[in-house]
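To be precise, the following lines are input_38.cif, and they hold mmCIF, C-alpha atoms (C1' of nucleotides).
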data_work
loop_
_atom_site.label_atom_id
_atom_site.label_comp_id
_atom_site.auth_asym_id
_atom_site.auth_seq_id
_atom_site.Cartn_x
_atom_site.Cartn_y
_atom_site.Cartn_z
CA MET A 1146 106.56 30.50 57.97
CA LYS A 1147 109.84 31.93 56.87
CA LEU A 1148 113.15 30.18 57.30
CA SER A 1149 115.56 32.68 58.79
CA LYS A 1150 119.33 32.58 58.62
CA ARG A 1151 119.21 31.27 62.19
CA GLY A 1152 116.93 28.48 61.01
CA GLU A 1153 119.12 27.53 58.10
CA TYR A 1154 122.24 27.60 60.27
CA SER A 1155 120.47 25.36 62.77
CA LEU A 1156 119.67 22.78 60.15
CA ARG A 1157 123.19 22.89 58.72
CA ALA A 1158 124.79 22.51 62.14
CA LEU A 1159 122.48 19.64 63.07
CA LEU A 1160 123.26 17.96 59.78
CA SER A 1161 126.93 18.31 60.58
CA LEU A 1162 126.26 16.57 63.88
CA THR A 1163 124.24 13.94 62.06
CA TYR A 1164 127.29 13.15 60.00
CA ALA A 1165 129.41 12.81 63.15
CA TYR A 1166 126.70 10.68 64.72
CA SER A 1167 126.49 8.29 61.79
CA SER A 1168 130.21 7.91 61.30
CA ASN A 1169 130.92 7.39 64.99
CA ALA A 1170 133.62 9.97 64.54
CA PHE A 1171 134.09 12.43 67.34
CA CYS A 1172 135.43 14.90 64.87
CA SER A 1173 133.63 17.99 63.64
CA ASN A 1174 131.36 18.22 66.64
CA GLN A 1175 133.04 21.28 68.07
CA LEU A 1176 131.66 24.69 67.31
CA ARG A 1177 134.97 25.96 65.98
CA LEU A 1178 135.04 23.27 63.33
CA ILE A 1179 131.36 23.44 62.43
CA SER A 1180 131.65 27.20 62.16
CA GLU A 1181 134.55 26.91 59.73
CA LYS A 1182 133.24 24.04 57.67
CA GLU A 1183 129.74 25.43 57.36
CA ASP A 1184 130.87 29.04 57.19
CA ILE A 1185 128.67 30.20 60.06
CA PRO A 1186 129.79 33.11 62.28
CA TYR A 1187 131.23 31.47 65.38
CA LYS A 1188 129.60 33.61 68.05
CA PHE A 1189 126.28 33.47 66.26
CA LEU A 1190 126.51 29.70 66.12
CA GLU A 1191 127.12 29.60 69.88
CA GLN A 1192 123.76 31.27 70.50
CA ILE A 1193 122.00 28.96 68.12
CA MET A 1194 123.46 25.83 69.68
CA SER A 1195 122.47 27.12 73.09
CA ALA A 1196 118.87 27.36 71.90
CA LEU A 1197 119.03 23.88 70.39
CA LYS A 1198 120.38 22.58 73.65
CA HIS A 1199 117.65 24.17 75.76
CA GLY A 1200 115.19 22.71 73.30
CA GLY A 1201 116.56 19.26 74.00
CA LEU A 1202 117.81 18.57 70.48
CA VAL A 1203 121.52 18.45 71.26
CA LYS A 1204 123.66 17.84 74.28
CA SER A 1205 127.06 19.24 75.07
CA GLN A 1206 130.29 18.36 76.78
CA LYS A 1207 132.05 21.25 78.45
CA GLY A 1208 135.74 21.84 78.80
CA LYS A 1209 138.69 20.83 76.70
CA ASN A 1210 137.89 18.29 74.01
CA GLY A 1211 134.27 19.06 74.60
CA GLY A 1212 131.71 19.66 71.91
CA TYR A 1213 128.17 18.99 70.81
CA SER A 1214 126.27 15.92 69.74
CA LEU A 1215 122.70 15.06 68.91
CA ALA A 1216 120.56 14.34 71.95
CA LYS A 1217 118.69 11.61 70.09
CA PRO A 1218 119.25 9.59 66.93
CA PRO A 1219 118.82 11.55 63.68
CA GLU A 1220 115.79 9.41 62.78
CA LYS A 1221 114.00 10.92 65.76
CA ILE A 1222 114.61 14.58 65.04
CA ASN A 1223 112.34 16.08 62.42
CA LEU A 1224 112.70 19.42 60.72
CA GLY A 1225 109.39 20.61 62.14
CA GLU A 1226 110.60 20.65 65.70
CA VAL A 1227 113.86 22.31 64.76
CA ILE A 1228 112.18 25.11 62.85
CA ARG A 1229 109.44 25.61 65.43
CA LEU A 1230 112.09 25.91 68.11
CA ILE A 1231 114.20 28.42 66.22
CA ASP A 1232 111.80 30.27 63.95
CA GLY A 1233 108.44 29.74 65.63
CA PRO A 1234 105.17 28.36 64.27
CA LEU A 1235 104.99 26.94 60.75
CA ALA A 1236 101.79 28.78 59.81
CA PRO A 1237 101.99 31.64 57.27
CA THR A 1238 100.72 33.93 60.02
CA GLY A 1239 100.15 33.45 63.73
CA ASN A 1240 99.92 29.82 64.76
CA ALA A 1241 97.58 26.91 64.09
CA GLU A 1242 95.49 27.52 67.21
CA GLU A 1243 94.87 31.17 66.41
CA ILE A 1244 93.89 30.29 62.86
CA ARG A 1245 91.47 27.60 63.99
CA GLY A 1246 89.97 30.09 66.42
CA VAL A 1247 89.26 32.64 63.71
CA ILE A 1248 87.62 29.96 61.58
CA GLN A 1249 85.48 28.55 64.37
CA ARG A 1250 84.36 31.96 65.53
CA GLY A 1251 83.27 32.52 61.94
CA GLU A 1252 85.00 35.88 61.67
CA ARG A 1253 84.82 37.81 58.43
CA THR A 1254 88.27 36.51 57.50
CA ALA A 1255 87.36 32.88 58.14
CA GLY A 1256 87.50 32.01 54.45
CA ILE A 1257 91.01 33.35 54.08
CA TYR A 1258 92.14 31.71 57.29
CA SER A 1259 90.77 28.36 56.24
CA VAL A 1260 93.10 28.48 53.24
CA LEU A 1261 95.93 29.53 55.51
CA LEU A 1262 95.21 26.53 57.69
CA ASP A 1263 95.46 24.27 54.65
CA VAL A 1264 98.82 25.81 53.86
CA ARG A 1265 100.11 25.43 57.38
CA ASN A 1266 98.98 21.78 57.42
CA ALA A 1267 100.72 21.09 54.14
CA ILE A 1268 103.92 22.58 55.50
CA ALA A 1269 103.67 20.68 58.77
CA ASP A 1270 102.95 17.42 56.95
CA ILE A 1271 106.25 17.66 55.15
CA LEU A 1272 108.42 19.12 57.88
CA ASP A 1273 107.10 16.92 60.68
CA HIS A 1274 107.72 13.80 58.63
CA THR A 1275 111.20 14.59 57.43
CA THR A 1276 113.98 13.69 59.83
CA LEU A 1277 117.63 14.65 59.92
CA ALA A 1278 118.37 11.12 58.76
CA ASP A 1279 116.14 11.66 55.73
CA VAL A 1280 117.91 14.87 54.87
CA TYR A 1281 121.27 13.21 55.30
CA GLN A 1282 120.17 10.47 52.93
CA ARG A 1283 118.94 12.97 50.38
CA THR A 1284 122.21 14.82 50.53
CA LEU A 1285 124.12 11.64 49.75
CA GLU A 1286 121.82 10.78 46.86
CA LEU A 1287 121.97 14.26 45.41
CA SER A 1288 125.75 14.36 45.44
CA ARG A 1289 125.85 10.87 43.93
CA ASP A 1290 123.43 11.90 41.21
CA ARG A 1291 125.63 14.83 40.46
CA ARG A 1292 128.79 12.73 40.24
CA GLU A 1293 127.15 10.29 37.88
CA GLN A 1294 125.69 13.04 35.79
CA SER A 1295 128.97 14.87 35.37
CA GLY A 1296 130.97 11.71 34.75
CA MET A 1297 133.26 12.45 37.67
CA TYR A 1298 134.23 9.88 40.22
CA TYR A 1299 136.03 10.63 43.43
CA ILE A 1300 137.88 7.85 45.18
CA MET B 31 106.85 32.46 53.03
CA LYS B 32 105.29 34.66 55.63
CA LEU B 33 102.02 36.47 55.23
CA SER B 34 102.55 40.03 56.36
CA LYS B 35 99.89 42.45 57.52
CA ARG B 36 100.13 43.98 54.05
CA GLY B 37 99.42 40.56 52.57
CA GLU B 38 96.44 39.92 54.79
CA TYR B 39 95.04 43.40 54.14
CA SER B 40 95.44 42.78 50.40
CA LEU B 41 93.43 39.59 50.57
CA ARG B 42 90.75 41.18 52.71
CA ALA B 43 90.42 44.19 50.41
CA LEU B 44 90.28 42.00 47.32
CA LEU B 45 87.64 39.88 48.96
CA SER B 46 85.67 43.02 49.66
CA LEU B 47 85.89 43.85 45.96
CA THR B 48 84.89 40.29 45.14
CA TYR B 49 81.71 40.83 47.07
CA ALA B 50 81.01 44.04 45.16
CA TYR B 51 81.84 42.26 41.90
CA SER B 52 79.45 39.37 42.57
CA SER B 53 76.59 41.48 43.77
CA ASN B 54 76.87 43.97 40.94
CA ALA B 55 76.68 46.59 43.63
CA PHE B 56 78.86 49.60 43.20
CA CYS B 57 78.94 50.01 46.89
CA SER B 58 81.88 49.33 49.16
CA ASN B 59 84.46 49.65 46.43
CA GLN B 60 85.84 52.93 47.69
CA LEU B 61 88.89 52.95 49.89
CA ARG B 62 87.18 54.90 52.63
CA LEU B 63 84.47 52.26 52.98
CA ILE B 64 86.77 49.27 52.66
CA SER B 65 89.06 50.84 55.20
CA GLU B 66 86.24 51.23 57.69
CA LYS B 67 84.52 47.93 57.10
CA GLU B 68 87.72 45.90 57.16
CA ASP B 69 89.38 48.03 59.81
CA ILE B 70 92.47 48.72 57.74
CA PRO B 71 94.37 52.02 58.20
CA TYR B 72 93.23 54.21 55.33
CA LYS B 73 96.60 55.56 54.20
CA PHE B 74 98.14 52.13 54.46
CA LEU B 75 95.39 50.69 52.31
CA GLU B 76 96.03 53.34 49.68
CA GLN B 77 99.59 52.08 49.25
CA ILE B 78 98.46 48.51 49.08
CA MET B 79 95.82 49.21 46.45
CA SER B 80 98.37 51.10 44.43
CA ALA B 81 100.58 48.00 44.40
CA LEU B 82 97.64 45.79 43.46
CA LYS B 83 96.81 48.15 40.65
CA HIS B 84 100.33 48.20 39.26
CA GLY B 85 100.26 44.43 39.48
CA GLY B 86 97.19 44.40 37.28
CA LEU B 87 94.84 42.85 39.82
CA VAL B 88 92.53 45.81 40.26
CA LYS B 89 91.55 48.86 38.28
CA SER B 90 90.51 52.23 39.54
CA GLN B 91 88.27 55.12 38.69
CA LYS B 92 89.58 58.50 39.73
CA GLY B 93 87.61 61.50 40.86
CA LYS B 94 84.33 61.84 42.65
CA ASN B 95 82.32 58.63 42.87
CA GLY B 96 85.47 56.83 41.88
CA GLY B 97 86.79 53.70 43.50
CA TYR B 98 88.34 50.33 42.86
CA SER B 99 87.18 47.13 41.24
CA LEU B 100 88.72 43.82 40.30
CA ALA B 101 90.56 43.91 36.98
CA LYS B 102 89.38 40.38 36.16
CA PRO B 103 86.70 38.04 37.46
CA PRO B 104 87.38 36.57 40.90
CA GLU B 105 87.67 33.08 39.41
CA LYS B 106 90.76 34.26 37.57
CA ILE B 107 92.65 35.74 40.50
CA ASN B 108 94.42 33.20 42.68
CA LEU B 109 95.96 33.80 46.07
CA GLY B 110 99.39 32.87 44.78
CA GLU B 111 99.67 35.87 42.51
CA VAL B 112 98.35 38.21 45.17
CA ILE B 113 100.82 37.06 47.78
CA ARG B 114 103.75 36.94 45.37
CA LEU B 115 102.97 40.49 44.34
CA ILE B 116 102.73 41.82 47.87
CA ASP B 117 104.94 39.57 49.97
CA GLY B 118 107.33 38.09 47.44
CA PRO B 119 108.16 34.46 46.65
CA LEU B 120 106.27 31.63 48.32
CA ALA B 121 109.38 29.62 49.19
CA PRO B 122 110.46 29.42 52.85
CA THR B 123 113.70 31.14 51.84
CA GLY B 124 114.82 32.84 48.64
CA ASN B 125 112.81 31.79 45.60
CA ALA B 126 112.18 28.60 43.66
CA GLU B 127 114.91 29.31 41.10
CA GLU B 128 117.58 29.88 43.73
CA ILE B 129 116.61 26.71 45.52
CA ARG B 130 116.71 24.63 42.34
CA GLY B 131 120.13 26.11 41.62
CA VAL B 132 121.55 25.00 44.97
CA ILE B 133 120.18 21.50 44.44
CA GLN B 134 121.45 21.15 40.89
CA ARG B 135 124.89 22.46 41.77
CA GLY B 136 124.96 19.78 44.44
CA GLU B 137 126.02 22.18 47.19
CA ARG B 138 126.49 20.88 50.71
CA THR B 139 123.04 22.17 51.62
CA ALA B 140 121.35 20.44 48.67
CA GLY B 141 119.58 17.95 50.94
CA ILE B 142 118.04 20.69 53.06
CA TYR B 143 117.09 22.73 50.03
CA SER B 144 115.41 19.79 48.36
CA VAL B 145 113.06 19.61 51.34
CA LEU B 146 112.56 23.36 51.14
CA LEU B 147 111.61 22.94 47.49
CA ASP B 148 109.01 20.36 48.45
CA VAL B 149 107.59 22.81 50.95
CA ARG B 150 107.47 25.66 48.49
CA ASN B 151 105.77 23.40 45.93
CA ALA B 152 103.16 22.32 48.45
CA ILE B 153 102.44 25.95 49.29
CA ALA B 154 102.27 26.96 45.63
CA ASP B 155 99.99 24.03 44.81
CA ILE B 156 97.42 25.32 47.25
CA LEU B 157 97.75 29.04 46.73
CA ASP B 158 97.97 28.92 42.94
CA HIS B 159 94.82 26.83 42.75
CA THR B 160 92.69 28.81 45.15
CA THR B 161 90.93 31.80 43.64
CA LEU B 162 89.18 34.74 45.22
CA ALA B 163 85.92 33.12 44.16
CA ASP B 164 86.89 29.96 46.08
CA VAL B 165 87.65 31.98 49.20
CA TYR B 166 84.41 33.87 48.85
CA GLN B 167 82.55 30.57 48.62
CA ARG B 168 84.34 29.21 51.67
CA THR B 169 83.47 32.31 53.63
CA LEU B 170 79.80 31.83 52.85
CA GLU B 171 79.89 28.17 53.82
CA LEU B 172 81.75 28.83 57.03
CA SER B 173 79.30 31.47 58.19
CA ARG B 174 76.37 29.22 57.25
CA ASP B 175 77.91 26.34 59.20
CA ARG B 176 78.24 28.61 62.15
CA ARG B 177 74.67 29.81 62.01
CA GLU B 178 73.39 26.24 61.82
CA GLN B 179 75.65 25.11 64.60
CA SER B 180 74.61 27.86 66.97
CA GLY B 181 70.94 27.61 66.13
CA MET B 182 70.78 31.23 65.07
CA TYR B 183 69.12 32.38 61.91
CA TYR B 184 69.42 35.83 60.48
CA ILE B 185 66.80 36.97 57.99
"C1'" DA C 1353 84.63 75.86 41.40
"C1'" DT C 1354 84.06 72.78 45.02
"C1'" DT C 1355 83.86 68.41 46.64
"C1'" DT C 1356 85.43 63.80 46.79
"C1'" DG C 1357 87.83 60.46 45.34
"C1'" DT C 1358 92.58 58.34 43.68
"C1'" DC C 1359 97.75 59.01 43.17
"C1'" DC C 1360 102.56 59.74 44.64
"C1'" DT C 1361 106.51 60.34 47.61
"C1'" DA C 1362 108.67 61.03 51.76
"C1'" DT C 1363 109.21 60.16 56.54
"C1'" DC C 1364 108.91 57.96 61.00
"C1'" DT C 1365 108.91 54.53 64.66
"C1'" DG C 1366 109.27 50.21 66.67
"C1'" DT C 1367 110.61 45.38 65.99
"C1'" DT C 1368 113.24 41.71 64.19
"C1'" DT C 1369 117.27 39.87 62.28
"C1'" DT C 1370 121.92 39.16 62.24
"C1'" DG C 1371 125.38 39.48 64.15
"C1'" DT C 1372 129.73 41.25 67.90
"C1'" DA C 1373 132.01 41.53 72.30
"C1'" DG C 1374 133.60 40.22 76.71
"C1'" DG C 1375 134.09 37.51 80.09
"C1'" DA C 1376 132.61 33.44 83.38
"C1'" DT C 1377 132.65 28.63 83.88
"C1'" DT C 1378 134.21 23.93 83.28
"C1'" DA C 1379 136.96 20.03 82.12
"C1'" DT C 1380 141.01 17.92 80.19
"C1'" DA C 1381 146.07 17.45 79.24
"C1'" DG C 1382 150.48 17.85 80.60
"C1'" DC D 1432 148.51 22.53 89.68
"C1'" DT D 1433 148.25 25.14 85.82
"C1'" DA D 1434 147.60 26.24 81.16
"C1'" DT D 1435 144.57 25.49 77.60
"C1'" DA D 1436 140.54 24.92 75.11
"C1'" DA D 1437 136.14 24.25 75.00
"C1'" DT D 1438 131.10 25.63 76.32
"C1'" DC D 1439 128.13 29.13 78.68
"C1'" DC D 1440 125.88 33.60 79.53
"C1'" DT D 1441 124.57 38.38 78.94
"C1'" DA D 1442 124.64 42.64 76.85
"C1'" DC D 1443 124.81 45.49 73.02
"C1'" DA D 1444 124.70 47.26 68.16
"C1'" DA D 1445 123.97 47.91 63.31
"C1'" DA D 1446 121.03 47.16 59.61
"C1'" DA D 1447 116.93 45.70 57.50
"C1'" DC D 1448 112.02 45.36 57.61
"C1'" DA D 1449 107.18 46.12 58.98
"C1'" DG D 1450 103.63 49.00 59.73
"C1'" DA D 1451 102.12 52.73 59.45
"C1'" DT D 1452 101.56 58.34 59.01
"C1'" DA D 1453 101.67 62.88 56.52
"C1'" DG D 1454 101.05 66.10 52.97
"C1'" DG D 1455 99.80 67.34 49.06
"C1'" DA D 1456 99.15 66.67 43.63
"C1'" DC D 1457 95.88 65.25 40.39
"C1'" DA D 1458 91.25 63.97 38.35
"C1'" DA D 1459 86.39 63.79 37.68
"C1'" DA D 1460 81.61 64.41 38.82
"C1'" DT D 1461 78.30 67.74 40.69
#
Structure translated into structure tokens:
Amino acid sequence: MKLSKRGEYSLRALLSLTYAYSSNAFCSNQLRLISEKEDIPYKFLEQIMSALKHGGLVKSQKGKNGGYSLAKPPEKINLGEVIRLIDGPLAPTGNAEEIRGVIQRGERTAGIYSVLLDVRNAIADILDHTTLADVYQRTLELSRDRREQSGMYYI
Amino acid sequence: MKLSKRGEYSLRALLSLTYAYSSNAFCSNQLRLISEKEDIPYKFLEQIMSALKHGGLVKSQKGKNGGYSLAKPPEKINLGEVIRLIDGPLAPTGNAEEIRGVIQRGERTAGIYSVLLDVRNAIADILDHTTLADVYQRTLELSRDRREQSGMYYI
DNA sequence: ATTTGTCCTATCTGTTTTGTAGGATTATAG
DNA sequence: CTATAATCCTACAAAACAGATAGGACAAAT
């Protein structure tokens, strides 16, 4: 598993939508704004959002004043499905099924692959149990930690 | 982290050397043989072994009847160092230091990166604590399991 | 001195990643 | 109704990377 630029942009854009979702604000859910705020190339972002839409993670409103929003609440979207959709399987090589096959067929590389399966399972455990809402929460806590640590307070 | 063909070939070749190391046999530690047995392109394998040598994982004997052998016992070589050497950092993106930097600076992506750090730590935990000897052992067990399961016994 | 191995560097080819570009389509505002 | 502003769709392109391939220099045992 390798998180590509596409993958990172996806997560950032979805997090942007999570913010809009939580705050009931219909702001910042248009590509133009997300692109600027998150510093993601506009046309590239279009492609990414299209993929996210076909994957059922976001929905869109066409036309003037249109935009994107999450297709389900942020507690129901986990990072695993996002990354699988955009970057493919989580395993270090191939996918879980392939790896299990090699192990069960007892191929010469079965020992190696059994470690690879452990790795893929460890990755999936984390990513499949971390939702956009969790990430949003973490972001808040991290920025709060930082404010407290630096002695700065914004009003 | 993504295990490339190079990475997989590295592990397979090292495991081949592990076998030679354990059995005291000086067989199968020449590139030509490893290449054939493991079905790895010979010239490609040369490059890989060169990298492994410069990384201090194997040593070589030049000239006729030369070949490769592990530079230290298989219990002291873990998969983490092999993969880092050949495929780079274990983190899903960038490396652990970069990721920690983003989190500590409290950047907008800190929440995402804190999850990525968890992932990289989970990967490192496994790979840094699994040695070539462990993999060798697993391989033996897996092939034994398979023999028992299928009712076949080789003498 | 010949054979058989490692060592070193350069090159090549196809794929993937990371975008750009141009226009079609759709819905809202005025 | 029309202008505007958004998503939608497809094609292309440049650059980086992966996965080799090639050719020969060097070293050591026979």
Checklist entry - B:Arg138, B:Arg114, B:Arg42, B:Lys73: which is nearest Thr169 (chain B), counting only C-alpha atoms? => result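 So, comparing all the options, the nearest one is B:Arg42.
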Next on the checklist: I'd like to know which of B:Lys67, B:Val88, B:Gly96, B:Ile78 is closest to chain D, using only C-alpha atoms (C1' of nucleotides).
Outcome noted: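 Closest candidate: B:Gly96.
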Item to check | Test item: the PyMOL selection byres ((chain A) within 10 of (chain D)) resolved as a ChimeraX atom specification | outcome: /A:1175-1177,1191-1192,1195,1205-1213
Next on the checklist: Taking (121.2, 22.9, 45.0) as a centre in this file's frame and 10 Å as the limit, can you find every polymer residue with an atom that close, using all atoms listed in the file, and give them as a PyMOL selection string?
Outcome noted: (chain A and resi 1284+1287-1288) or (chain B and resi 127-144+147)
Item to check | Contact set, chain A to chain B: 10 Å, all atoms listed in the file, as a PyMOL selection string | outcome: chain A and resi 1146-1150+1153+1156-1157+1160+1183+1224+1235-1239+1248-1261+1263-1272+1275+1277+1279-1292
Determine, for each residue of chain C having at least one atom at most 6 Å from an atom of chain A, the closest pair of atoms and their separation in Å to one decimal, counting only C-alpha atoms (C1' of nucleotides); order by chain and ascending number, as a tab-separated table.
residue	atom	partner	partner_atom	distance
C:DT1378	C1'	A:Gly1208	CA	5.2
C:DA1379	C1'	A:Gly1208	CA	4.0
C:DT1380	C1'	A:Lys1209	CA	5.1
Next on the checklist: Using Å and a single decimal, report how far C1' of DT1377 (chain C) sits from CA of Lys1217 (chain A).
Outcome noted: 26.0 Å
Next on the checklist: If we count all atoms listed in the file and set the cut-off at 7 Å, which residues sit around Leu100 (chain B), ignoring sequence neighbours fewer than 6 positions away in its own chain? Please answer as a ChimeraX atom specification.
Outcome noted: /B:47,87-89
Checklist entry - Which value, in Å to one decimal, gives the distance between CA of Leu82 (chain B) and C1' of DT1361 (chain C)? => result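 One can read the CA of Leu82 (chain B) to C1' of DT1361 (chain C) distance as 17.5 Å.
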Checklist entry - At what distance in Å, to one decimal, does CA of Ser99 (chain B) lie from CA of Ile70 (chain B)? => result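 Computed distance, CA of Ile70 (chain B) to CA of Ser99 (chain B), equals 17.4 Å.
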Work out where the centre of an axis-aligned box around every listed atom of region 1358-1361 of chain C lies and how long its edges are once 5 Å is added on each side; give both in Å to one decimal as lines of an AutoDock Vina configuration file.
center_x = 99.5
center_y = 59.3
center_z = 45.4
size_x = 23.9
size_y = 12.0
size_z = 14.4
